[in-house]
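Chemist: Below: one structure in structure tokens.
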Amino acid sequence: MAKERQKEYKPLSFSTTMRNPARIADFLNCILPFEGQILTEQIIHEVAVNLISKKLYKPTFIGTDSRLKAIYNSENDFNVEDTEYIIRNSPQDHKEAGFEKGWPSRFDTWYKLPMEFGFIFYGMDAPIEISTTGHMLIDAVREVPKNDDKIQNVFLNAMMKYQTNNPFRKNSNTNAPLPLLLNVIKKLKDDPEEGDSGVFISELSMIICWPDNDADALYKEIKAFRKKHRFTYGDEVMYDRCLQILNADSSKKNRFKISQITGEAVDEFIRKMRITGLISLRGNGRFVDFNSFEAERIDYVIRNYTVFDSFSSKKDYFKYMGNIDPHILSIQHQEPTGMAAVKEKTIKEWAEKHDKDFIYNELNITCSRNESHDPTLRVIDKPTRFEFLISIALKQHFKDLIIRPNYKSDDEGIPTFTAAGGMADIECFDKDCNPLVEVTLMQARTQATNEMPAITRHLTEAIEKYPDTKVFTLFIAPALHADTIYMAKFSKFQYNVDIITLNIKEFIDKLKEVAKIIDFVL
């Protein structure tokens with residue numbers, strides 16, 4: 001038996017395989033049929049079949065076979081025969097504690113983070129359990145449209161309780177990262193010498209490495225660091241300080257890499273904190289601060305979760321994490337009056353700050369598997385980022401166009417979730433037309449079935465609302481499915497409505513040609 005790794009001080013690092021809340025829900029969905037059953041290698045195999053057939057996990061073997069690669073890039077799922085063939089030809093050179101090398105260990109890497117967040121509990125030869133919050137997350141994503149408020153509450157519940165030293169990790173650092181962050185922000189904001197902008201992005205590396213829950217000591221450490229270096233130091237300076245915080249000598253540099261401590265782990269930390277809705281980005285993404293719209297929730301988390309009981313039992317920790325705190329559900333999120341003006345101001349600022357080629361490039365990145373290097377855009381989930389960038393692109397080309405996106409945002413106007421159902425993604429108002437803009441990153445047949453009926457409904461409702469104004473819809477996606485184009489033509493025939501379908505290249509090319517947005521439909 002392999003010797004179990006001893007606890008040590010190390011940086012907090014969330015898995016990057018589960019960045020999107022909907023992705024966690026999709027993975028939970030694939031194991032849901034086995035809830036209550038004893039976890040065996042056969043069930044692990046069946047879960048792998050579910051994940052691979054639905055293209056939620058892509059073994060590298062798929063990319064080496066032209067036929068399989070074509071299916072992966074198509075609208076179709078893999079059939080059972082192809083999925084089994086992929087599994088047979090994809091031996092997993094991977095080993096996790098408590099699981100056999102291969103697919104059982106790969107299974108653990110898939111579900112390890114959802115288990116830490118209290119959504120699921122499993123172990124070999126033990127019953128599979130899905131918690132209250134796990135079911136809430138599945139239900140929230142299944143709702144049509146998906147329930148972003150419920151998703152946010154589920155992740156707030158997880159992150160306000162989450163402990164760095166939880167029994168699933170061999171980490172000697174003992175703190176609750178979200179309450180620690182909130183307390184440090186509060187102390188910095190209460191300090192008249194430190195301004196009112198929150199925590200500098202690079203300083204999050206200290207929080208990731210901090211050994212305990214002493215927010216006052218961390219605040220003083222940040223204050224001293226600022227006094228010495230201000231905000232103009234390189235990553236190496238912060239990295240060296242973090243190694244000292246971890247009591248790690250130079251021999252640990254291969255284990256605790258600079259790219260992790262000052263890069264990947266920071267990005268993932270921001271993503272997880274922003275899912276809660278409590279955190280805003282300020283100063284062009286250089287600082288994290290309180291989202292002032294959520295003052296009641298912030299105060300509640302600080303008062304009730306700064307001091308916590310640690311757990312030695314994995315099962316006890318799971319029960320703690322998997323139960324929802326009813327108080328956070330009772331605090332209703334309501335977008336403040338005047339939020340539309342905040343969003344418009346932010347869109348205008350981004351349109352003026354960046355040139356058109358930058359926005360085109362970021363749109364292409366969002367529509368591909370590539371990653372943005374912009375500090376703000378890279379921590380915004382791609383579907384939400386797409387709505388934001390389309391709004392900016394429209395503003396750059398049509399200066400007088402009023403653009404009202406319906407995505408949820410923080411108090412800086414930086415989006416946090418996509419537009420809710422029942423309304424268009426983006427509403428626009430011009431002198432001679434009131435167009436709607438709908439966007440999606442879907443490219444398979446579901447693009448048509450999921451999007452087009454709602455788009456047609458939004459458009460007919462807008463036409464009734466503005467009977468004396470030209471109303472039409474621009475529908476933009478990375479690529480268009482043939483069924484989408486067909487349904488747009490059918491809507492024109494059946495309801496006499498104009499839905500202009502554009503892939504991202506066509507949208508960008510057309511923007512360069514037209515003088516007014518109404519020219520898209522003329």
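Chain labels A, B, ... are given in the sequence in which chains occur in the structure tokens; within each chain residues are numbered consecutively from 1, and ligands are likewise numbered from 1 in the order shown.
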Which residues of range 180-244 of chain A have any atom within 12 Å of an atom in range 273-280 of chain A when counting only C-alpha atoms, and what is the closest pair of atoms for each, with the distance in Å to one decimal? Order the rows by chain and rising number and write it as CSV.
Modeler:
residue,atom,partner,partner_atom,distance
A:Leu180,CA,A:Met273,CA,11.5
A:Leu181,CA,A:Met273,CA,9.2
A:Leu182,CA,A:Ile279,CA,8.8
A:Ile185,CA,A:Ile279,CA,10.2
A:Ser197,CA,A:Ser280,CA,10.0
A:Gly198,CA,A:Ser280,CA,9.4
A:Val199,CA,A:Ser280,CA,10.7
A:Ile201,CA,A:Ser280,CA,11.8
A:Leu204,CA,A:Met273,CA,11.4
Chemist: Env of Val521 in chain A: 10 Å cut, atoms = only C-alpha atoms, seq-sep filter 3 positions within chain, self excluded. Answer as number ranges by chain.
Modeler: A: 435, 470-474, 498-500, 517-518
Chemist: Residues near range 84-87 of chain A, anyone? I mean within 9 Å using only C-alpha atoms, not counting same-chain ones fewer than 3 positions away, as a ChimeraX atom specification.
Modeler: /A:45,48-49,52,59,61-62,68,79-81,90-91,103
Chemist: Need to verify the contact set: Phe225 in chain A, 10 Å, only C-alpha atoms, exclusion of same-chain residues closer than 6 positions in sequence. Can you return it as a PyMOL selection string?
Modeler: chain A and resi 203+219+231+238+241
Chemist: Write out as a PyMOL selection string each polymer residue whose atoms come within 8 Å of Pro383 in chain A, counting only C-alpha atoms; drop sequence neighbours fewer than 5 positions from it.
Modeler: chain A and resi 418+440-441
Chemist: Closest to Thr449 in chain A among A:Ile476, A:Ala482, A:Ile71, A:Ile324, using only C-alpha atoms?
Modeler: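 Of A:Ile476, A:Ala482, A:Ile71, A:Ile324, the one nearest Thr449 in chain A, counting only C-alpha atoms, is A:Ala482.
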Chemist: Fewer than 2 positions away in the same chain doesn't count, so skip those; otherwise give me all residues within 10 Å of range 348-357 of chain A, counting only C-alpha atoms, as an MDAnalysis selection string.
Modeler: chainID A and resid 284 342:346 359:363 388:389 391:397 399 403 508 512
Chemist: When distances are computed from only C-alpha atoms, which of A:Leu12, A:Val47, A:Ala479, A:Ile331 shows the smallest separation from Asn29 in chain A?
Modeler: A:Val47
Chemist: I need the residues in range 30-261 of chain A that are alpha helix (DSSP H) according to DSSP; give them as a PyMOL selection string.
Modeler: chain A and resi 30-31+41-53+66-72+80-88+103-116+132-142+148-161+177-190+204-209+215-229+235-245+258-259
Chemist: Kindly indicate which residue among A:Val144, A:Ala424, A:Ala515, A:Ile208 lies nearest to His458 in chain A, using only C-alpha atoms for the distances.
Modeler: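 Of all the options, A:Ala424 lies closest to His458 in chain A.
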